[in-house]
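S.K.: So I've got this file, data21.csv, and it contains CSV, C-alpha atoms:
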```csv
chain,number,residue,atom,x,y,z
Z,530,MET,CA,-53.3,22.8,26.0
Z,531,ALA,CA,-51.1,20.2,27.8
Z,532,THR,CA,-51.6,17.5,25.2
Z,533,THR,CA,-50.1,14.0,25.6
Z,534,GLU,CA,-48.1,14.6,22.4
Z,535,LEU,CA,-46.6,17.8,23.8
Z,536,ILE,CA,-45.4,16.4,27.1
Z,537,VAL,CA,-44.0,13.3,25.4
Z,538,LYS,CA,-42.1,15.5,23.0
Z,539,MET,CA,-40.7,17.5,25.9
Z,540,VAL,CA,-39.4,14.5,27.8
Z,541,ILE,CA,-38.1,12.6,24.7
Z,542,ASP,CA,-36.4,15.8,23.4
Z,543,ARG,CA,-34.5,16.0,26.7
Z,544,TRP,CA,-33.4,12.4,26.4
Z,545,ASN,CA,-32.3,12.9,22.8
Z,546,GLY,CA,-30.5,16.1,23.7
Z,547,SER,CA,-28.6,14.3,26.4
Z,548,ILE,CA,-27.6,11.6,24.0
Z,549,VAL,CA,-26.4,14.2,21.5
Z,550,ASN,CA,-24.3,15.8,24.3
Z,551,LEU,CA,-22.9,12.5,25.3
Z,552,ASN,CA,-21.9,11.7,21.7
Z,553,LYS,CA,-20.2,15.1,21.4
Z,554,ILE,CA,-18.2,14.6,24.6
Z,555,LEU,CA,-17.1,11.1,23.6
Z,556,SER,CA,-16.1,12.4,20.2
Z,557,GLU,CA,-13.8,14.9,21.9
Z,558,LEU,CA,-12.1,12.2,24.0
Z,559,SER,CA,-9.6,9.6,22.8
Z,560,ASP,CA,-9.7,6.0,23.9
Z,561,GLU,CA,-6.7,6.7,26.1
Z,562,GLN,CA,-8.4,9.6,27.8
Z,563,LEU,CA,-11.5,7.5,28.5
Z,564,GLN,CA,-9.3,4.9,30.2
Z,565,LYS,CA,-8.3,7.4,32.8
Z,566,GLU,CA,-10.2,7.9,36.1
Z,567,VAL,CA,-12.5,10.9,36.0
Z,568,ALA,CA,-10.9,12.1,39.3
Z,569,THR,CA,-8.2,10.5,41.4
Z,570,GLY,CA,-9.4,7.2,42.8
Z,571,LYS,CA,-12.8,7.4,41.1
Z,572,ASN,CA,-14.4,5.4,38.2
Z,573,ARG,CA,-12.7,5.4,34.8
Z,574,GLY,CA,-14.4,7.0,31.8
Z,575,THR,CA,-14.6,3.6,30.2
Z,576,TYR,CA,-16.5,2.1,33.2
Z,577,LEU,CA,-19.0,5.0,33.2
Z,578,LEU,CA,-19.5,4.5,29.5
Z,579,GLY,CA,-20.2,0.8,29.9
Z,580,HIS,CA,-22.4,1.6,32.9
Z,581,LEU,CA,-24.5,3.9,30.8
Z,582,ILE,CA,-24.9,1.4,28.0
Z,583,ALA,CA,-25.9,-1.3,30.5
Z,584,VAL,CA,-28.5,0.9,32.2
Z,585,HIS,CA,-29.9,2.0,28.9
Z,586,ASP,CA,-30.0,-1.7,27.8
Z,587,ASP,CA,-32.1,-2.5,30.8
Z,588,MET,CA,-34.6,0.2,29.7
Z,589,LEU,CA,-35.6,-2.0,26.8
Z,590,LYS,CA,-37.0,-4.5,29.4
Z,591,LEU,CA,-38.6,-1.9,31.6
Z,592,LEU,CA,-40.3,-0.4,28.6
Z,593,GLY,CA,-41.5,-3.7,27.3
Z,594,MET,CA,-39.5,-3.1,24.1
Z,595,GLY,CA,-37.9,-6.5,23.7
Z,596,GLU,CA,-34.8,-8.2,24.8
Z,597,LYS,CA,-31.5,-6.5,25.9
Z,598,LEU,CA,-28.9,-6.1,23.2
Z,599,TYR,CA,-26.0,-6.7,25.6
Z,600,PRO,CA,-27.0,-8.8,28.6
Z,601,GLU,CA,-23.4,-9.5,29.4
Z,602,LEU,CA,-22.8,-5.9,30.4
Z,603,PHE,CA,-25.0,-6.2,33.5
Z,604,GLU,CA,-22.4,-8.2,35.5
Z,605,ILE,CA,-19.5,-6.0,34.5
Z,606,PHE,CA,-20.9,-2.5,34.6
Z,607,ILE,CA,-23.8,-2.7,37.1
Z,608,LYS,CA,-23.2,-5.5,39.5
Z,609,GLN,CA,-19.5,-5.1,39.7
Z,610,ALA,CA,-17.6,-1.9,40.5
Z,611,ASP,CA,-14.9,-0.5,38.2
Z,612,LYS,CA,-11.7,-2.6,38.1
Z,613,GLU,CA,-13.4,-5.7,39.5
Z,614,ALA,CA,-14.1,-7.5,36.2
Z,615,SER,CA,-11.3,-9.5,34.7
Z,616,GLN,CA,-12.5,-9.1,31.1
Z,617,THR,CA,-14.2,-5.9,29.9
Z,618,PRO,CA,-15.0,-4.6,26.4
Z,619,THR,CA,-12.5,-2.2,24.9
Z,620,VAL,CA,-13.4,1.5,24.6
Z,621,ALA,CA,-13.6,1.0,20.8
Z,622,GLU,CA,-16.1,-1.8,21.3
Z,623,LEU,CA,-18.1,0.3,23.8
Z,624,ARG,CA,-18.3,3.1,21.3
Z,625,VAL,CA,-19.8,0.8,18.6
Z,626,MET,CA,-22.2,-0.7,21.2
Z,627,LEU,CA,-23.4,2.8,22.2
Z,628,GLU,CA,-24.0,3.9,18.6
Z,629,LYS,CA,-25.9,0.7,17.7
Z,630,GLN,CA,-28.0,1.0,20.9
Z,631,ASN,CA,-28.9,4.7,20.3
Z,632,THR,CA,-30.2,3.7,16.8
Z,633,HIS,CA,-32.1,0.8,18.3
Z,634,LEU,CA,-33.7,2.9,21.0
Z,635,GLN,CA,-34.6,5.6,18.5
Z,636,GLU,CA,-36.4,3.0,16.3
Z,637,LYS,CA,-38.3,1.7,19.3
Z,638,PHE,CA,-39.2,5.2,20.6
Z,639,GLN,CA,-40.6,6.1,17.1
Z,640,LYS,CA,-42.9,3.2,17.0
Z,641,ILE,CA,-44.7,3.8,20.4
Z,642,LYS,CA,-47.8,6.0,20.4
Z,643,PRO,CA,-47.8,9.1,22.7
Z,644,GLU,CA,-50.5,7.6,25.0
Z,645,GLU,CA,-48.6,4.3,25.3
Z,646,TRP,CA,-45.8,6.2,27.2
Z,647,PHE,CA,-48.3,6.5,30.1
Z,648,GLU,CA,-48.8,2.7,30.4
Z,649,ARG,CA,-47.1,1.0,33.3
Z,650,HIS,CA,-43.5,0.0,33.1
Z,651,THR,CA,-42.7,-3.7,33.6
Z,652,ALA,CA,-41.2,-3.3,37.1
Z,653,ALA,CA,-44.5,-2.0,38.4
Z,654,SER,CA,-47.3,-4.5,39.1
Z,655,ALA,CA,-50.8,-3.8,37.8
Z,656,GLU,CA,-51.8,-3.3,41.5
Z,657,ASP,CA,-49.0,-0.9,42.2
Z,658,PHE,CA,-49.8,1.0,39.0
Z,659,ALA,CA,-53.5,1.4,39.9
Z,660,ASN,CA,-52.4,3.5,42.9
Z,661,GLU,CA,-49.2,5.0,41.4
Z,662,PRO,CA,-50.0,6.0,37.8
Z,663,HIS,CA,-46.7,7.8,37.7
Z,664,ARG,CA,-44.9,4.5,37.4
Z,665,ASN,CA,-45.2,4.6,33.7
Z,666,LYS,CA,-42.9,4.3,30.7
Z,667,LEU,CA,-42.4,8.0,30.3
Z,668,ASN,CA,-41.1,8.2,33.9
Z,669,ILE,CA,-38.4,5.7,33.0
Z,670,ILE,CA,-37.1,8.1,30.4
Z,671,ILE,CA,-37.3,11.0,32.9
Z,672,THR,CA,-35.3,9.1,35.6
Z,673,ARG,CA,-32.8,7.6,33.1
Z,674,THR,CA,-32.1,11.1,31.6
Z,675,SER,CA,-31.2,12.2,35.1
Z,676,HIS,CA,-28.9,9.3,35.5
Z,677,LEU,CA,-27.3,9.9,32.1
Z,678,GLN,CA,-26.7,13.6,33.0
Z,679,TYR,CA,-25.1,12.7,36.3
Z,680,HIS,CA,-22.5,10.5,34.8
Z,681,MET,CA,-22.0,12.6,31.7
Z,682,GLY,CA,-20.9,15.5,34.0
Z,683,GLN,CA,-18.2,13.2,35.3
Z,684,ILE,CA,-17.1,11.9,31.9
Z,685,ALA,CA,-16.8,15.5,30.7
Z,686,LEU,CA,-14.1,16.1,33.3
Z,687,LEU,CA,-11.7,14.0,31.2
Z,688,LYS,CA,-11.5,16.7,28.5
R,1010,MET,CA,-55.0,8.8,31.5
R,1011,ALA,CA,-52.2,11.2,30.9
R,1012,THR,CA,-53.6,14.0,33.0
R,1013,THR,CA,-51.9,17.4,33.4
R,1014,GLU,CA,-51.7,16.7,37.2
R,1015,LEU,CA,-49.9,13.4,36.6
R,1016,ILE,CA,-47.2,14.7,34.2
R,1017,VAL,CA,-46.6,17.8,36.4
R,1018,LYS,CA,-46.1,15.5,39.3
R,1019,MET,CA,-43.6,13.3,37.4
R,1020,VAL,CA,-41.5,16.3,36.4
R,1021,ILE,CA,-41.6,18.1,39.8
R,1022,ASP,CA,-40.9,14.9,41.6
R,1023,ARG,CA,-37.7,14.4,39.6
R,1024,TRP,CA,-36.7,18.0,40.4
R,1025,ASN,CA,-37.4,17.5,44.1
R,1026,GLY,CA,-35.6,14.2,44.1
R,1027,SER,CA,-32.6,15.8,42.6
R,1028,ILE,CA,-32.6,18.6,45.3
R,1029,VAL,CA,-32.9,15.9,48.0
R,1030,ASN,CA,-29.9,14.1,46.5
R,1031,LEU,CA,-27.9,17.4,46.3
R,1032,ASN,CA,-28.6,18.1,49.9
R,1033,LYS,CA,-27.5,14.6,50.9
R,1034,ILE,CA,-24.2,14.9,49.0
R,1035,LEU,CA,-23.6,18.4,50.5
R,1036,SER,CA,-24.3,17.1,54.0
R,1037,GLU,CA,-21.6,14.5,53.5
R,1038,LEU,CA,-19.0,17.0,52.4
R,1039,SER,CA,-17.1,19.4,54.7
R,1040,ASP,CA,-16.6,23.1,53.8
R,1041,GLU,CA,-12.9,22.1,53.2
R,1042,GLN,CA,-13.8,19.3,50.8
R,1043,LEU,CA,-16.1,21.7,48.9
R,1044,GLN,CA,-13.2,24.1,48.4
R,1045,LYS,CA,-11.3,21.4,46.5
R,1046,GLU,CA,-11.4,21.0,42.7
R,1047,VAL,CA,-13.7,18.1,41.7
R,1048,ALA,CA,-10.8,16.8,39.4
R,1049,THR,CA,-7.4,18.2,38.9
R,1050,GLY,CA,-7.6,21.6,37.1
R,1051,LYS,CA,-11.4,21.6,37.1
R,1052,ASN,CA,-14.0,23.7,38.9
R,1053,ARG,CA,-14.1,23.6,42.7
R,1054,GLY,CA,-17.1,22.2,44.5
R,1055,THR,CA,-17.8,25.7,45.9
R,1056,TYR,CA,-18.0,27.2,42.4
R,1057,LEU,CA,-20.3,24.5,41.2
R,1058,LEU,CA,-22.5,25.0,44.3
R,1059,GLY,CA,-22.7,28.8,43.6
R,1060,HIS,CA,-23.3,28.1,39.9
R,1061,LEU,CA,-26.3,25.9,40.7
R,1062,ILE,CA,-27.8,28.5,43.1
R,1063,ALA,CA,-27.3,31.2,40.5
R,1064,VAL,CA,-28.9,29.1,37.7
R,1065,HIS,CA,-31.8,28.2,40.0
R,1066,ASP,CA,-32.2,31.9,41.0
R,1067,ASP,CA,-32.6,32.7,37.3
R,1068,MET,CA,-35.5,30.2,37.1
R,1069,LEU,CA,-37.6,32.6,39.2
R,1070,LYS,CA,-37.4,35.1,36.4
R,1071,LEU,CA,-38.0,32.5,33.6
R,1072,LEU,CA,-41.0,31.1,35.5
R,1073,GLY,CA,-42.5,34.6,36.2
R,1074,MET,CA,-42.2,33.9,39.9
R,1075,GLY,CA,-40.9,37.2,41.0
R,1076,GLU,CA,-37.4,38.7,41.5
R,1077,LYS,CA,-34.2,36.8,42.0
R,1078,LEU,CA,-33.1,36.2,45.6
R,1079,TYR,CA,-29.4,36.6,44.8
R,1080,PRO,CA,-28.8,38.7,41.7
R,1081,GLU,CA,-25.2,39.3,42.8
R,1082,LEU,CA,-24.4,35.6,42.1
R,1083,PHE,CA,-24.9,36.0,38.3
R,1084,GLU,CA,-21.6,37.8,37.8
R,1085,ILE,CA,-19.5,35.5,40.0
R,1086,PHE,CA,-21.0,32.1,39.1
R,1087,ILE,CA,-22.4,32.3,35.6
R,1088,LYS,CA,-20.5,35.1,33.8
R,1089,GLN,CA,-17.2,34.4,35.4
R,1090,ALA,CA,-15.3,31.2,35.5
R,1091,ASP,CA,-14.0,29.6,38.8
R,1092,LYS,CA,-11.2,31.6,40.4
R,1093,GLU,CA,-11.8,34.7,38.4
R,1094,ALA,CA,-13.9,36.6,41.0
R,1095,SER,CA,-12.0,38.5,43.6
R,1096,GLN,CA,-14.7,38.1,46.3
R,1097,THR,CA,-17.0,35.1,46.6
R,1098,PRO,CA,-19.4,34.0,49.3
R,1099,THR,CA,-18.0,31.4,51.7
R,1100,VAL,CA,-19.2,27.8,51.5
R,1101,ALA,CA,-21.1,28.4,54.7
R,1102,GLU,CA,-22.9,31.3,53.2
R,1103,LEU,CA,-23.7,29.3,50.0
R,1104,ARG,CA,-25.2,26.5,52.1
R,1105,VAL,CA,-27.6,29.0,53.8
R,1106,MET,CA,-28.5,30.5,50.4
R,1107,LEU,CA,-29.3,27.1,48.9
R,1108,GLU,CA,-31.5,26.1,51.8
R,1109,LYS,CA,-33.4,29.4,51.7
R,1110,GLN,CA,-33.7,29.1,47.9
R,1111,ASN,CA,-35.1,25.6,48.0
R,1112,THR,CA,-37.8,26.6,50.5
R,1113,HIS,CA,-38.6,29.7,48.4
R,1114,LEU,CA,-38.9,27.6,45.2
R,1115,GLN,CA,-41.0,25.0,47.0
R,1116,GLU,CA,-43.5,27.7,48.1
R,1117,LYS,CA,-43.7,29.1,44.6
R,1118,PHE,CA,-44.1,25.6,43.0
R,1119,GLN,CA,-47.0,24.8,45.4
R,1120,LYS,CA,-48.9,27.9,44.4
R,1121,ILE,CA,-48.9,27.3,40.7
R,1122,LYS,CA,-51.8,25.3,39.2
R,1123,PRO,CA,-50.9,22.3,37.1
R,1124,GLU,CA,-52.1,23.8,33.8
R,1125,GLU,CA,-50.1,27.0,34.4
R,1126,TRP,CA,-46.9,25.0,34.0
R,1127,PHE,CA,-47.8,24.8,30.3
R,1128,GLU,CA,-47.9,28.5,29.9
R,1129,ARG,CA,-44.9,30.1,28.1
R,1130,HIS,CA,-41.8,30.9,30.0
R,1131,THR,CA,-40.6,34.6,30.0
R,1132,ALA,CA,-37.7,34.0,27.6
R,1133,ALA,CA,-40.1,32.9,24.8
R,1134,SER,CA,-42.1,35.5,23.0
R,1135,ALA,CA,-45.8,35.1,22.5
R,1136,GLU,CA,-45.0,34.6,18.7
R,1137,ASP,CA,-42.3,31.9,19.4
R,1138,PHE,CA,-44.6,30.2,21.8
R,1139,ALA,CA,-47.5,30.0,19.3
R,1140,ASN,CA,-45.2,27.8,17.1
R,1141,GLU,CA,-43.2,26.1,19.9
R,1142,PRO,CA,-45.6,25.3,22.7
R,1143,HIS,CA,-42.9,23.2,24.4
R,1144,ARG,CA,-41.2,26.4,25.4
R,1145,ASN,CA,-43.3,26.4,28.6
R,1146,LYS,CA,-42.6,26.6,32.3
R,1147,LEU,CA,-42.5,22.9,32.9
R,1148,ASN,CA,-39.8,22.5,30.3
R,1149,ILE,CA,-37.6,24.9,32.3
R,1150,ILE,CA,-37.9,22.4,35.2
R,1151,ILE,CA,-37.0,19.5,32.8
R,1152,THR,CA,-33.9,21.3,31.5
R,1153,ARG,CA,-32.7,22.7,34.8
R,1154,THR,CA,-33.1,19.2,36.4
R,1155,SER,CA,-30.7,17.9,33.7
R,1156,HIS,CA,-28.3,20.7,34.5
R,1157,LEU,CA,-28.5,20.0,38.2
R,1158,GLN,CA,-27.8,16.3,37.7
R,1159,TYR,CA,-24.8,17.1,35.5
R,1160,HIS,CA,-23.0,19.2,38.1
R,1161,MET,CA,-24.2,17.1,41.0
R,1162,GLY,CA,-22.3,14.1,39.5
R,1163,GLN,CA,-19.2,16.3,39.6
R,1164,ILE,CA,-19.7,17.5,43.2
R,1165,ALA,CA,-20.2,13.9,44.3
R,1166,LEU,CA,-16.7,13.1,43.3
R,1167,LEU,CA,-15.4,15.1,46.3
R,1168,LYS,CA,-16.7,12.4,48.7
```
Would you kindly transcribe this structure into structure tokens?
M.R.:
Amino acid sequence: MATTELIVKMVIDRWNGSIVNLNKILSELSDEQLQKEVATGKNRGTYLLGHLIAVHDDMLKLLGMGEKLYPELFEIFIKQADKEASQTPTVAELRVMLEKQNTHLQEKFQKIKPEEWFERHTAASAEDFANEPHRNKLNIIITRTSHLQYHMGQIALLK
Amino acid sequence: MATTELIVKMVIDRWNGSIVNLNKILSELSDEQLQKEVATGKNRGTYLLGHLIAVHDDMLKLLGMGEKLYPELFEIFIKQADKEASQTPTVAELRVMLEKQNTHLQEKFQKIKPEEWFERHTAASAEDFANEPHRNKLNIIITRTSHLQYHMGQIALLK
């Protein structure tokens, strides 16, 4: 009844649905709107967008799916807070990066077999994983979907 | 490898983790702060809190876990937009409702067997479910965790 294929579909569908929602929200916001703070004194839309791309880029490593597409984003959008970096990509550049990244992740996700999602992610040691089998690749998708939804709710306030 | 127990744990852990985060954010916000709009012209914290409680209350029905605790919240926090209702619970009352609800859901979740999470939820007909086995109870938790994270990101802006 609870097949591996079914549960993988449920989790990946929720990730894909979140990405569709994000694309829709971004399509309704101008570059100018995205440069505004989501609330007074809080992160700008552009920072949150860069932050999401940087975090999703890091997933490639965690999932053992090859190298990051944009390693330069880590410093700007994860290590540093908004308005700290002296040079950041433009909103237009971030939009292109996101689109390319979504296609890239889709291709990677389509190649992996359902049961491989239950293998350990690269941040868990083999020893850890023996005791904590939930530290698998599918759980990375579950937690990153949560993270995406959290910041998407903030970006949506710019509408 | 991908046992039913394991995948149920992964999904329920993410729900529980989201509830823990929500409680933490709410504990750091005064009733006065929660009465403010999360961003200029947007929903107030108190409305979003009531909305989450109302949506989680509806889960009881969808999961076939008995009657709603607070049916009166549907009209105020789902059907109506913020500031439409003439009478709404106070923030203090909503905090008590949330705490009681979390305990109630915990008790219900602990009683259900792992494989029962893969049974159809009550909004899917038996016919629908035969073709769409992902319309199960566990998927309700996956989608409602996404919803919770989305609005939690907004409430967190009040800090």
S.K.: Would you write out chain Z as a CSV table (one decimal) with C-alpha atoms, in the coordinates of the input, after superposing it on chain R by least squares over all in-order Cα pairs?
M.R.:
```csv
chain,number,residue,atom,x,y,z
Z,530,MET,CA,-55.1,8.8,31.4
Z,531,ALA,CA,-52.1,11.3,30.9
Z,532,THR,CA,-53.6,14.0,33.0
Z,533,THR,CA,-51.9,17.4,33.4
Z,534,GLU,CA,-51.7,16.7,37.1
Z,535,LEU,CA,-49.9,13.4,36.5
Z,536,ILE,CA,-47.2,14.7,34.2
Z,537,VAL,CA,-46.6,17.8,36.4
Z,538,LYS,CA,-46.1,15.5,39.4
Z,539,MET,CA,-43.7,13.4,37.4
Z,540,VAL,CA,-41.5,16.3,36.4
Z,541,ILE,CA,-41.6,18.1,39.8
Z,542,ASP,CA,-40.9,14.9,41.6
Z,543,ARG,CA,-37.7,14.5,39.6
Z,544,TRP,CA,-36.7,18.0,40.4
Z,545,ASN,CA,-37.4,17.5,44.1
Z,546,GLY,CA,-35.6,14.2,44.1
Z,547,SER,CA,-32.6,15.8,42.6
Z,548,ILE,CA,-32.6,18.5,45.3
Z,549,VAL,CA,-32.9,15.9,48.0
Z,550,ASN,CA,-29.8,14.1,46.5
Z,551,LEU,CA,-27.9,17.3,46.3
Z,552,ASN,CA,-28.7,18.1,49.9
Z,553,LYS,CA,-27.5,14.6,51.0
Z,554,ILE,CA,-24.2,15.0,49.1
Z,555,LEU,CA,-23.5,18.4,50.5
Z,556,SER,CA,-24.3,17.1,54.0
Z,557,GLU,CA,-21.6,14.4,53.5
Z,558,LEU,CA,-19.0,17.0,52.5
Z,559,SER,CA,-17.2,19.5,54.7
Z,560,ASP,CA,-16.5,23.1,53.7
Z,561,GLU,CA,-12.9,22.2,53.2
Z,562,GLN,CA,-13.8,19.3,50.9
Z,563,LEU,CA,-16.1,21.6,48.8
Z,564,GLN,CA,-13.2,24.0,48.4
Z,565,LYS,CA,-11.2,21.4,46.5
Z,566,GLU,CA,-11.4,21.0,42.7
Z,567,VAL,CA,-13.7,18.2,41.7
Z,568,ALA,CA,-10.8,16.8,39.5
Z,569,THR,CA,-7.3,18.2,38.9
Z,570,GLY,CA,-7.6,21.6,37.1
Z,571,LYS,CA,-11.4,21.6,37.1
Z,572,ASN,CA,-14.0,23.7,38.9
Z,573,ARG,CA,-14.1,23.7,42.7
Z,574,GLY,CA,-17.1,22.2,44.6
Z,575,THR,CA,-17.8,25.6,45.9
Z,576,TYR,CA,-18.0,27.2,42.4
Z,577,LEU,CA,-20.4,24.5,41.2
Z,578,LEU,CA,-22.5,25.0,44.3
Z,579,GLY,CA,-22.7,28.8,43.6
Z,580,HIS,CA,-23.3,28.1,39.9
Z,581,LEU,CA,-26.3,25.9,40.8
Z,582,ILE,CA,-27.8,28.5,43.1
Z,583,ALA,CA,-27.3,31.2,40.5
Z,584,VAL,CA,-29.0,29.1,37.7
Z,585,HIS,CA,-31.8,28.2,40.0
Z,586,ASP,CA,-32.2,31.9,41.0
Z,587,ASP,CA,-32.6,32.8,37.3
Z,588,MET,CA,-35.5,30.2,37.1
Z,589,LEU,CA,-37.6,32.5,39.3
Z,590,LYS,CA,-37.5,35.1,36.3
Z,591,LEU,CA,-38.0,32.5,33.6
Z,592,LEU,CA,-41.0,31.2,35.5
Z,593,GLY,CA,-42.5,34.6,36.1
Z,594,MET,CA,-42.2,33.9,39.8
Z,595,GLY,CA,-40.8,37.2,41.0
Z,596,GLU,CA,-37.5,38.7,41.5
Z,597,LYS,CA,-34.1,36.8,42.0
Z,598,LEU,CA,-33.1,36.3,45.6
Z,599,TYR,CA,-29.4,36.7,44.8
Z,600,PRO,CA,-28.8,38.8,41.8
Z,601,GLU,CA,-25.2,39.3,42.7
Z,602,LEU,CA,-24.4,35.6,42.1
Z,603,PHE,CA,-24.9,36.0,38.3
Z,604,GLU,CA,-21.5,37.8,37.8
Z,605,ILE,CA,-19.6,35.5,40.0
Z,606,PHE,CA,-21.0,32.0,39.2
Z,607,ILE,CA,-22.3,32.4,35.6
Z,608,LYS,CA,-20.5,35.1,33.8
Z,609,GLN,CA,-17.2,34.5,35.4
Z,610,ALA,CA,-15.3,31.2,35.5
Z,611,ASP,CA,-14.1,29.6,38.8
Z,612,LYS,CA,-11.2,31.5,40.4
Z,613,GLU,CA,-11.9,34.7,38.4
Z,614,ALA,CA,-13.9,36.6,41.0
Z,615,SER,CA,-12.0,38.5,43.7
Z,616,GLN,CA,-14.8,38.2,46.3
Z,617,THR,CA,-17.0,35.1,46.5
Z,618,PRO,CA,-19.4,33.9,49.2
Z,619,THR,CA,-18.1,31.4,51.7
Z,620,VAL,CA,-19.2,27.8,51.5
Z,621,ALA,CA,-21.1,28.3,54.8
Z,622,GLU,CA,-22.9,31.3,53.2
Z,623,LEU,CA,-23.7,29.2,50.0
Z,624,ARG,CA,-25.2,26.5,52.1
Z,625,VAL,CA,-27.6,28.9,53.8
Z,626,MET,CA,-28.4,30.5,50.4
Z,627,LEU,CA,-29.2,27.1,48.9
Z,628,GLU,CA,-31.5,26.1,51.8
Z,629,LYS,CA,-33.4,29.4,51.8
Z,630,GLN,CA,-33.8,29.2,48.0
Z,631,ASN,CA,-35.1,25.5,48.0
Z,632,THR,CA,-37.8,26.7,50.5
Z,633,HIS,CA,-38.6,29.6,48.4
Z,634,LEU,CA,-38.9,27.6,45.2
Z,635,GLN,CA,-41.0,25.0,47.0
Z,636,GLU,CA,-43.5,27.7,48.1
Z,637,LYS,CA,-43.7,29.1,44.6
Z,638,PHE,CA,-44.1,25.6,43.0
Z,639,GLN,CA,-47.0,24.9,45.4
Z,640,LYS,CA,-48.9,27.9,44.5
Z,641,ILE,CA,-49.0,27.4,40.6
Z,642,LYS,CA,-51.8,25.3,39.1
Z,643,PRO,CA,-50.9,22.2,37.1
Z,644,GLU,CA,-52.2,23.8,33.8
Z,645,GLU,CA,-50.1,27.0,34.5
Z,646,TRP,CA,-46.9,24.9,34.0
Z,647,PHE,CA,-47.8,24.7,30.3
Z,648,GLU,CA,-47.9,28.5,29.9
Z,649,ARG,CA,-44.9,30.1,28.1
Z,650,HIS,CA,-41.8,30.9,30.0
Z,651,THR,CA,-40.6,34.5,30.0
Z,652,ALA,CA,-37.7,34.0,27.6
Z,653,ALA,CA,-40.1,32.9,24.8
Z,654,SER,CA,-42.1,35.5,23.0
Z,655,ALA,CA,-45.8,35.0,22.5
Z,656,GLU,CA,-45.0,34.5,18.7
Z,657,ASP,CA,-42.3,32.0,19.4
Z,658,PHE,CA,-44.6,30.2,21.8
Z,659,ALA,CA,-47.5,30.0,19.3
Z,660,ASN,CA,-45.3,27.8,17.1
Z,661,GLU,CA,-43.2,26.1,19.9
Z,662,PRO,CA,-45.7,25.2,22.7
Z,663,HIS,CA,-42.9,23.2,24.3
Z,664,ARG,CA,-41.3,26.4,25.5
Z,665,ASN,CA,-43.3,26.4,28.6
Z,666,LYS,CA,-42.6,26.6,32.3
Z,667,LEU,CA,-42.6,22.9,32.9
Z,668,ASN,CA,-39.8,22.6,30.3
Z,669,ILE,CA,-37.6,24.9,32.4
Z,670,ILE,CA,-37.8,22.5,35.2
Z,671,ILE,CA,-37.0,19.6,32.9
Z,672,THR,CA,-33.9,21.3,31.5
Z,673,ARG,CA,-32.8,22.7,34.8
Z,674,THR,CA,-33.0,19.2,36.5
Z,675,SER,CA,-30.7,18.0,33.8
Z,676,HIS,CA,-28.3,20.7,34.5
Z,677,LEU,CA,-28.5,20.1,38.3
Z,678,GLN,CA,-27.8,16.3,37.7
Z,679,TYR,CA,-24.8,17.1,35.5
Z,680,HIS,CA,-23.0,19.2,38.1
Z,681,MET,CA,-24.2,17.1,41.0
Z,682,GLY,CA,-22.3,14.1,39.5
Z,683,GLN,CA,-19.2,16.2,39.6
Z,684,ILE,CA,-19.7,17.5,43.1
Z,685,ALA,CA,-20.2,13.9,44.3
Z,686,LEU,CA,-16.6,13.1,43.2
Z,687,LEU,CA,-15.4,15.1,46.2
Z,688,LYS,CA,-16.6,12.4,48.7
```
S.K.: Write out as JSON, numbers by chain the residues lying within 9 Å of stretch 1061-1068 of chain R, counting all atoms listed in the file and excluding same-chain residues fewer than 5 positions away.
M.R.: {"R": [1056, 1073, 1074, 1076, 1077, 1078, 1079, 1080, 1081, 1082, 1083, 1085, 1086, 1087, 1103, 1106, 1107, 1110, 1114, 1149, 1150, 1153, 1156, 1157, 1160]}
S.K.: Identify all chain R residues at most 10 Å from chain Z by counting only C-alpha atoms; ligands do not count. Present them as a VMD selection string.
M.R.: chain R and resid 1010 to 1013 1015 to 1020 1022 to 1024 1026 to 1027 1046 to 1052 1123 to 1128 1141 to 1145 1147 to 1148 1151 to 1152 1154 to 1168
S.K.: Interatomic distance between atom CA of R:His1130 and atom CA of R:Lys1146?
M.R.: 4.9 Å
S.K.: For atom CA of R:Gly1075 and atom CA of R:Asn1111, quote the distance in Å rounded to one decimal.
M.R.: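 Computing the Euclidean distance for atom CA of R:Gly1075 and atom CA of R:Asn1111 yields 14.7 Å.
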S.K.: What separation in Å, quoted to one decimal, exists between atom CA of R:Arg1053 and atom CA of R:Val1100?
M.R.: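 Value for the atom CA of R:Arg1053-atom CA of R:Val1100 distance: 11.0 Å.
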S.K.: In terms of the shortest atom-to-atom distance over all atoms listed in the file, which of R:Gln1089, R:Leu1071, R:Gln1119, R:Ser1039 is closest to R:Ser1134?
M.R.: R:Leu1071
